$ cat query.txt   # compact mmCIF, C-alpha atoms
# COMPACT_ATOMS: atom_id res chain seq x y z
CA MET A 1 21.72 26.09 56.58
CA ALA A 2 20.97 22.61 55.35
CA HIS A 3 19.85 22.31 51.73
CA LYS A 4 16.64 20.38 51.10
CA SER A 5 15.69 18.90 47.75
CA SER A 6 12.26 20.19 46.70
CA ILE A 7 10.06 20.15 43.58
CA SER A 8 7.08 22.50 43.28
CA LEU A 9 4.03 21.32 41.32
CA HIS A 10 1.63 24.28 41.20
CA GLU A 11 0.46 24.49 44.82
CA TYR A 12 1.89 21.12 45.87
CA SER A 13 5.38 20.68 47.38
CA VAL A 14 7.59 17.65 47.31
CA GLU A 15 10.42 17.51 49.80
CA ASN A 16 11.79 13.98 49.93
CA SER A 17 8.16 12.84 49.48
CA PHE A 18 5.33 13.26 46.94
CA ASP A 19 1.99 14.51 48.27
CA LEU A 20 -1.33 13.90 46.50
CA GLY A 21 -3.32 15.36 49.36
CA PRO A 22 -5.25 18.63 49.75
CA ARG A 23 -3.90 21.90 48.41
CA ASN A 24 -1.37 23.74 50.57
CA HIS A 25 -0.88 20.61 52.62
CA ASN A 26 2.88 20.09 52.69
CA ILE A 27 4.56 17.15 54.33
CA ARG A 28 8.21 17.45 55.26
CA SER A 29 10.33 14.41 55.82
CA GLU A 30 11.21 15.44 59.36
CA GLU A 31 7.52 16.07 60.19
CA THR A 32 6.15 12.80 58.85
CA LEU A 33 5.96 10.03 61.41
CA PRO A 34 4.88 6.43 60.85
CA GLY A 35 1.10 6.26 60.87
CA SER A 36 0.71 10.06 60.88
CA ARG A 37 0.32 10.63 57.10
CA ALA A 38 -2.78 12.61 56.18
CA PRO A 39 -5.64 10.64 54.60
CA GLY A 40 -5.64 10.69 50.79
CA THR A 41 -1.88 11.17 50.46
CA ILE A 42 0.77 8.95 48.94
CA SER A 43 4.45 9.38 49.77
CA ILE A 44 7.20 8.22 47.45
CA SER A 45 10.89 8.97 47.38
CA LEU A 46 12.22 11.90 45.40
CA ALA A 47 14.40 9.57 43.29
CA LEU A 48 11.37 7.49 42.31
CA PHE A 49 9.36 10.63 41.56
CA GLU A 50 12.08 11.92 39.24
CA LYS A 51 12.25 8.54 37.51
CA LEU A 52 8.50 8.45 36.96
CA THR A 53 8.30 11.99 35.62
CA GLN A 54 11.42 12.12 33.46
CA GLN A 55 10.92 12.93 29.76
CA ARG A 56 11.02 10.03 27.29
CA SER A 57 12.21 10.33 23.72
CA LEU A 58 9.72 9.75 20.88
CA ASP A 59 11.58 6.60 19.91
CA ASP A 60 10.78 5.10 23.33
CA VAL A 61 7.05 5.78 23.00
CA PRO A 62 5.17 3.10 21.05
CA SER A 63 2.79 4.25 18.31
CA LYS A 64 -0.79 4.64 19.52
CA HIS A 65 -2.25 3.71 16.13
CA GLY A 66 -1.87 0.71 13.88
CA ASN A 67 -1.97 0.85 10.10
CA PRO A 68 -5.65 0.45 9.06
CA ALA A 69 -4.88 -0.14 5.37
CA PRO A 70 -4.35 -3.94 5.67
CA VAL A 71 -7.75 -4.29 7.36
CA ALA A 72 -9.50 -2.49 4.51
CA LEU A 73 -7.48 -4.39 1.91
CA LEU A 74 -8.38 -7.68 3.57
CA GLY A 75 -12.10 -6.90 3.48
CA ASN A 76 -11.93 -5.94 -0.18
CA LEU A 77 -9.88 -9.00 -1.16
CA LEU A 78 -12.08 -11.55 0.60
CA SER A 79 -15.06 -10.08 -1.26
CA LEU A 80 -13.53 -9.37 -4.66
CA SER A 81 -11.56 -12.60 -5.13
CA PRO A 82 -14.51 -15.02 -4.76
CA LEU A 83 -16.77 -12.71 -6.79
CA ALA A 84 -14.28 -12.68 -9.68
CA CYS A 85 -14.10 -16.50 -9.62
CA ASP A 86 -17.89 -16.70 -9.43
CA LEU A 87 -18.44 -14.36 -12.38
CA MET A 88 -15.93 -16.32 -14.47
CA GLY A 89 -17.93 -19.48 -13.80
CA TRP A 90 -15.13 -21.43 -12.14
CA ARG A 91 -16.14 -24.73 -10.52
CA ASP A 92 -19.53 -24.44 -12.23
CA THR A 93 -20.56 -21.45 -10.10
CA ARG A 94 -23.83 -19.70 -10.83
CA GLY A 95 -25.91 -16.96 -9.26
CA HIS A 96 -23.73 -13.88 -9.82
CA GLY A 97 -22.26 -13.96 -6.32
CA TYR A 98 -25.38 -14.57 -4.22
CA ALA A 99 -23.53 -17.16 -2.13
CA SER A 100 -21.18 -14.51 -0.73
CA THR A 101 -23.78 -11.88 0.19
CA GLY A 102 -22.78 -11.98 3.87
CA VAL A 103 -19.13 -11.67 2.92
CA TYR A 104 -19.83 -8.51 0.92
CA MET A 105 -21.51 -6.96 3.96
CA PHE A 106 -19.32 -7.98 6.87
CA MET A 107 -15.95 -8.27 5.15
CA GLY A 108 -16.09 -5.93 2.17
CA GLY A 109 -18.44 -3.31 3.60
CA LEU A 110 -17.74 -3.36 7.32
CA LEU A 111 -13.95 -3.75 7.26
CA MET A 112 -13.50 -1.16 4.52
CA ILE A 113 -15.65 1.39 6.35
CA ILE A 114 -13.65 0.76 9.54
CA GLY A 115 -10.41 1.22 7.60
CA SER A 116 -11.79 4.37 6.02
CA VAL A 117 -12.67 5.93 9.37
CA MET A 118 -9.23 5.12 10.76
CA GLU A 119 -7.52 6.61 7.70
CA TYR A 120 -9.56 9.78 8.25
CA TYR A 121 -8.22 10.12 11.80
CA LEU A 122 -4.68 9.47 10.54
CA GLY A 123 -5.09 12.27 7.99
CA ASP A 124 -4.77 10.21 4.78
CA THR A 125 -7.52 11.71 2.62
CA PHE A 126 -6.92 9.57 -0.48
CA SER A 127 -7.09 6.25 1.38
CA PHE A 128 -10.05 7.51 3.41
CA VAL A 129 -12.07 8.30 0.27
CA VAL A 130 -11.06 5.14 -1.62
CA PHE A 131 -11.91 2.81 1.26
CA ALA A 132 -15.18 4.62 1.93
CA ALA A 133 -16.20 4.39 -1.74
CA LEU A 134 -15.39 0.70 -2.09
CA GLY A 135 -16.90 -0.13 1.29
CA GLY A 136 -20.07 1.63 0.23
CA PHE A 137 -20.04 -0.32 -3.03
CA TRP A 138 -19.90 -3.67 -1.25
CA LEU A 139 -22.73 -2.72 1.11
CA SER A 140 -24.81 -1.46 -1.82
CA PHE A 141 -24.12 -4.56 -3.88
CA ALA A 142 -25.05 -6.82 -0.95
CA ALA A 143 -28.28 -4.88 -0.46
CA THR A 144 -29.38 -5.65 -4.04
CA LEU A 145 -28.94 -9.37 -3.28
CA ILE A 146 -30.89 -9.38 -0.01
CA PRO A 147 -34.63 -9.95 -0.59
CA TRP A 148 -35.53 -7.73 2.38
CA PHE A 149 -34.40 -4.65 0.42
CA ASN A 150 -36.58 -5.77 -2.51
CA ALA A 151 -34.26 -4.11 -5.04
CA ALA A 152 -34.88 -6.77 -7.71
CA GLY A 153 -38.22 -8.02 -6.41
CA TYR A 154 -39.83 -4.67 -7.18
CA TYR A 155 -39.42 -5.39 -10.90
CA SER A 156 -41.29 -8.72 -10.75
CA LYS A 157 -45.00 -9.11 -11.51
CA SER A 158 -45.74 -9.85 -7.86
CA GLY A 159 -43.47 -7.06 -6.68
CA THR A 160 -41.63 -9.39 -4.30
CA ASP A 161 -39.92 -12.09 -6.41
CA PRO A 162 -36.19 -11.26 -6.63
CA ILE A 163 -35.40 -14.03 -9.13
CA GLU A 164 -37.99 -12.86 -11.62
CA GLY A 165 -37.17 -9.20 -10.99
CA ALA A 166 -33.43 -9.72 -11.58
CA ALA A 167 -34.24 -10.98 -15.09
CA ASN A 168 -36.30 -7.89 -15.88
CA PRO A 169 -34.57 -5.65 -18.50
CA ALA A 170 -35.55 -2.54 -16.52
CA TYR A 171 -33.71 -3.80 -13.44
CA GLN A 172 -30.66 -4.84 -15.43
CA SER A 173 -30.45 -1.51 -17.24
CA GLY A 174 -30.95 0.48 -14.04
CA PHE A 175 -28.25 -1.34 -12.07
CA ALA A 176 -25.86 -0.98 -15.03
CA PHE A 177 -25.76 2.79 -14.48
CA PHE A 178 -24.43 2.28 -10.96
CA LEU A 179 -21.65 0.06 -12.30
CA LEU A 180 -20.86 2.56 -15.05
CA PHE A 181 -20.37 5.44 -12.63
CA MET A 182 -18.31 3.25 -10.32
CA GLY A 183 -16.02 2.98 -13.34
CA VAL A 184 -15.97 6.77 -13.64
CA LEU A 185 -15.06 7.04 -9.96
CA CYS A 186 -12.24 4.51 -10.39
CA LEU A 187 -10.95 6.57 -13.33
CA VAL A 188 -10.62 9.53 -10.95
CA PHE A 189 -8.81 7.30 -8.47
CA LEU A 190 -6.56 6.09 -11.30
CA VAL A 191 -5.47 9.62 -12.15
CA CYS A 192 -4.76 10.34 -8.48
CA SER A 193 -2.83 7.07 -8.10
CA LEU A 194 -0.24 8.28 -10.62
CA ARG A 195 1.43 9.98 -7.66
CA THR A 196 1.52 6.79 -5.55
CA ASN A 197 2.86 3.48 -6.86
CA ILE A 198 2.55 0.94 -9.67
CA VAL A 199 0.50 -1.54 -7.60
CA LEU A 200 -2.26 1.01 -7.01
CA VAL A 201 -2.18 2.01 -10.67
CA VAL A 202 -2.73 -1.63 -11.68
CA ILE A 203 -5.62 -1.91 -9.23
CA PHE A 204 -7.41 1.16 -10.57
CA VAL A 205 -6.67 0.44 -14.23
CA THR A 206 -8.32 -2.96 -13.95
CA LEU A 207 -11.27 -1.60 -11.95
CA THR A 208 -11.74 1.22 -14.46
CA VAL A 209 -12.05 -1.39 -17.21
CA ALA A 210 -14.05 -3.98 -15.25
CA PHE A 211 -16.92 -1.79 -14.01
CA PRO A 212 -17.98 -0.42 -17.44
CA MET A 213 -17.72 -3.92 -18.90
CA LEU A 214 -20.03 -5.25 -16.20
CA SER A 215 -22.50 -2.47 -16.97
CA GLY A 216 -22.21 -3.39 -20.66
CA ALA A 217 -22.97 -7.01 -19.78
CA ASP A 218 -26.13 -5.93 -18.00
CA TRP A 219 -27.23 -3.77 -20.92
CA GLN A 220 -26.64 -6.60 -23.37
CA ALA A 221 -28.61 -8.97 -21.14
CA ALA A 222 -31.44 -6.44 -21.02
CA GLN A 223 -31.52 -6.47 -24.83
CA GLY A 224 -31.58 -10.26 -24.93
CA ASN A 225 -27.98 -10.72 -26.14
CA LEU A 226 -27.21 -13.30 -23.46
CA LEU A 227 -24.13 -14.83 -25.08
CA LEU A 228 -22.46 -11.44 -25.53
CA ALA A 229 -23.46 -10.52 -21.98
CA GLN A 230 -21.79 -13.67 -20.64
CA ASP A 231 -18.62 -12.96 -22.60
CA LEU A 232 -18.44 -9.39 -21.31
CA GLN A 233 -19.04 -10.60 -17.78
CA LYS A 234 -16.22 -13.15 -17.98
CA ILE A 235 -13.79 -10.60 -19.41
CA ALA A 236 -14.70 -8.12 -16.67
CA ALA A 237 -14.28 -10.85 -14.07
CA ALA A 238 -10.81 -11.58 -15.44
CA PHE A 239 -9.86 -7.93 -14.91
CA LEU A 240 -11.27 -8.14 -11.37
CA PHE A 241 -9.13 -11.20 -10.76
CA VAL A 242 -6.04 -9.20 -11.78
CA THR A 243 -7.23 -6.50 -9.36
CA SER A 244 -7.37 -9.05 -6.57
CA ILE A 245 -3.87 -10.36 -7.39
CA ALA A 246 -2.45 -6.83 -7.11
CA GLY A 247 -4.43 -6.35 -3.90
CA TRP A 248 -3.04 -9.54 -2.37
CA TYR A 249 0.44 -8.36 -3.28
CA ALA A 250 -0.15 -5.02 -1.53
CA PHE A 251 -1.67 -6.77 1.49
CA VAL A 252 1.30 -9.12 1.93
CA GLY A 253 3.69 -6.18 1.53
CA SER A 254 1.90 -4.15 4.21
CA MET A 255 1.89 -7.09 6.64
CA LEU A 256 5.63 -7.65 6.13
CA GLN A 257 6.23 -3.99 6.94
CA ALA A 258 4.00 -4.20 10.02
CA LEU A 259 6.14 -6.98 11.46
CA ASP A 260 9.43 -5.33 10.46
CA PHE A 261 10.61 -8.12 8.19
CA PRO A 262 14.15 -7.72 6.87
CA PHE A 263 12.82 -7.50 3.31
CA ASP A 264 10.03 -5.66 1.53
CA LEU A 265 7.86 -6.23 -1.52
CA PRO A 266 8.58 -3.36 -3.92
CA MET A 267 5.48 -1.33 -4.77
CA GLY A 268 7.11 0.69 -7.52
CA ALA A 269 6.95 4.28 -6.30
CA LEU A 270 5.88 6.71 -9.01
CA HIS A 271 6.77 10.34 -9.58
CA ILE A 272 4.97 10.84 -12.89
CA ILE A 273 3.22 14.00 -11.71
CA PRO A 274 5.24 16.46 -9.59
CA SER A 275 3.66 17.79 -6.43
CA GLY A 276 2.01 21.19 -6.37
CA SER A 277 4.33 22.38 -3.62
CA ASP A 278 7.38 21.46 -5.74
CA LYS A 279 6.00 23.40 -8.69
CA ARG A 280 5.37 26.44 -6.51
CA LYS A 281 8.92 26.27 -5.19
CA LEU A 282 10.25 26.23 -8.75
CA LYS A 283 8.19 29.32 -9.55
CA GLY A 284 9.41 31.05 -6.41
CA GLU A 285 5.95 31.24 -4.90
CA ASP A 286 6.81 29.15 -1.86
CA VAL A 287 9.90 29.61 0.22

$ encode --input "query.txt" --output "structure tokens"
Amino acid sequence: MAHKSSISLHEYSVENSFDLGPRNHNIRSEETLPGSRAPGTISISLALFEKLTQQRSLDDVPSKHGNPAPVALLGNLLSLSPLACDLMGWRDTRGHGYASTGVYMFMGGLLMIIGSVMEYYLGDTFSFVVFAALGGFWLSFAATLIPWFNAAGYYSKSGTDPIEGAANPAYQSGFAFFLLFMGVLCLVFLVCSLRTNIVLVVIFVTLTVAFPMLSGADWQAAQGNLLLAQDLQKIAAAFLFVTSIAGWYAFVGSMLQALDFPFDLPMGALHIIPSGSDKRKLKGEDV
């Protein structure tokens, strides 16, 4: 009795051919004549079928996801770097960053939110929360600069003049609270970053200092101490500039890794705080 090669796929049979036709419709090689194949069927050789369906190792399968962190970093850097230069008064800049309002929205806000969502799907909770928080900050900051939102204009005599409203002590004091609690949030991020690397620690140390100093500048301006307010603003901007330098370093390092360069930029991995799972193993609570 002649042996025939066959592969059974549920209710389909393959015997020297592969049938994609109706159920229970089997085509044998000796029964298939040129031009007699049933409609809706495709016949391929058994060798080709085995080649198409063979298992591939994980190393052969390309990753379905890119690293979203550089996208979020890029959005933050292209917003933070010019703002820091603006607040320091370089090149005779004025206006507290109004010129880059669109950048804050579509680079800082949009790209960081996109990066945050992608980090969520990749399961990185820390990056997801950090990018979401900073993306929300840039969108919120941009909204205070757009007259349509009338954030500052509400405080003017006419109720619509953003220039006059921005100089109102009530507006300055109110916005300062937002900056203060952004500093509190960055302090939380700083504590968490002690289990990551030195670059992230530098980023959150400088942000933790810069945000409260910016709020202090607003409070001093509200009290009429304009010279002290300007000094505090410039010092805070200097810390933000250091933040941006560390961010550019991290961005370049991540791009080098993405393209598999033969060298890396060291981030300075930290192990200051042991993991909870390691502590439980030491206590014998986790096997």

$ atom_distance --input "query.txt" --atom1 "atom CA of A:Ala221" --atom2 "atom CA of A:Pro162"
16.5 Å

$ residues_around --input "query.txt" --residues "stretch 261-273 of chain A" --least-positions-apart "6" --cutoff "7 Å" --atoms "all atoms listed in the file" --output "MDAnalysis selection string"
chainID A and resid 194:199 253

$ write_last_selection --input "query.txt" --atoms "C-alpha atoms" --output "PDB file, in the coordinates of the input"
ATOM      1  CA  LEU A 194      -0.240   8.280 -10.620  1.00  0.00           C
ATOM      2  CA  ARG A 195       1.430   9.980  -7.660  1.00  0.00           C
ATOM      3  CA  THR A 196       1.520   6.790  -5.550  1.00  0.00           C
ATOM      4  CA  ASN A 197       2.860   3.480  -6.860  1.00  0.00           C
ATOM      5  CA  ILE A 198       2.550   0.940  -9.670  1.00  0.00           C
ATOM      6  CA  VAL A 199       0.500  -1.540  -7.600  1.00  0.00           C
ATOM      7  CA  GLY A 253       3.690  -6.180   1.530  1.00  0.00           C
TER       8      GLY A 253
END

$ residues_around --input "query.txt" --residues "stretch 167-179 of chain A" --least-positions-apart "2" --cutoff "8 Å" --atoms "all atoms listed in the file" --output "list in words"
Ala152, Tyr155, Ser156, Ile163, Glu164, Gly165, Phe181, Met182, Gly183, Phe211, Pro212, Leu214, Ser215, Gly216, Asp218, Trp219, Ala221, Ala222 and Gln223 of chain A

$ atom_distance --input "query.txt" --atom1 "atom CA of A:Val252" --atom2 "atom CA of A:Cys85"
20.6 Å

$ closest_residue --input "query.txt" --among "A:Thr125, A:Ser254, A:Thr144, A:Thr93" --to "A:Met105" --atoms "all atoms listed in the file"
A:Thr144
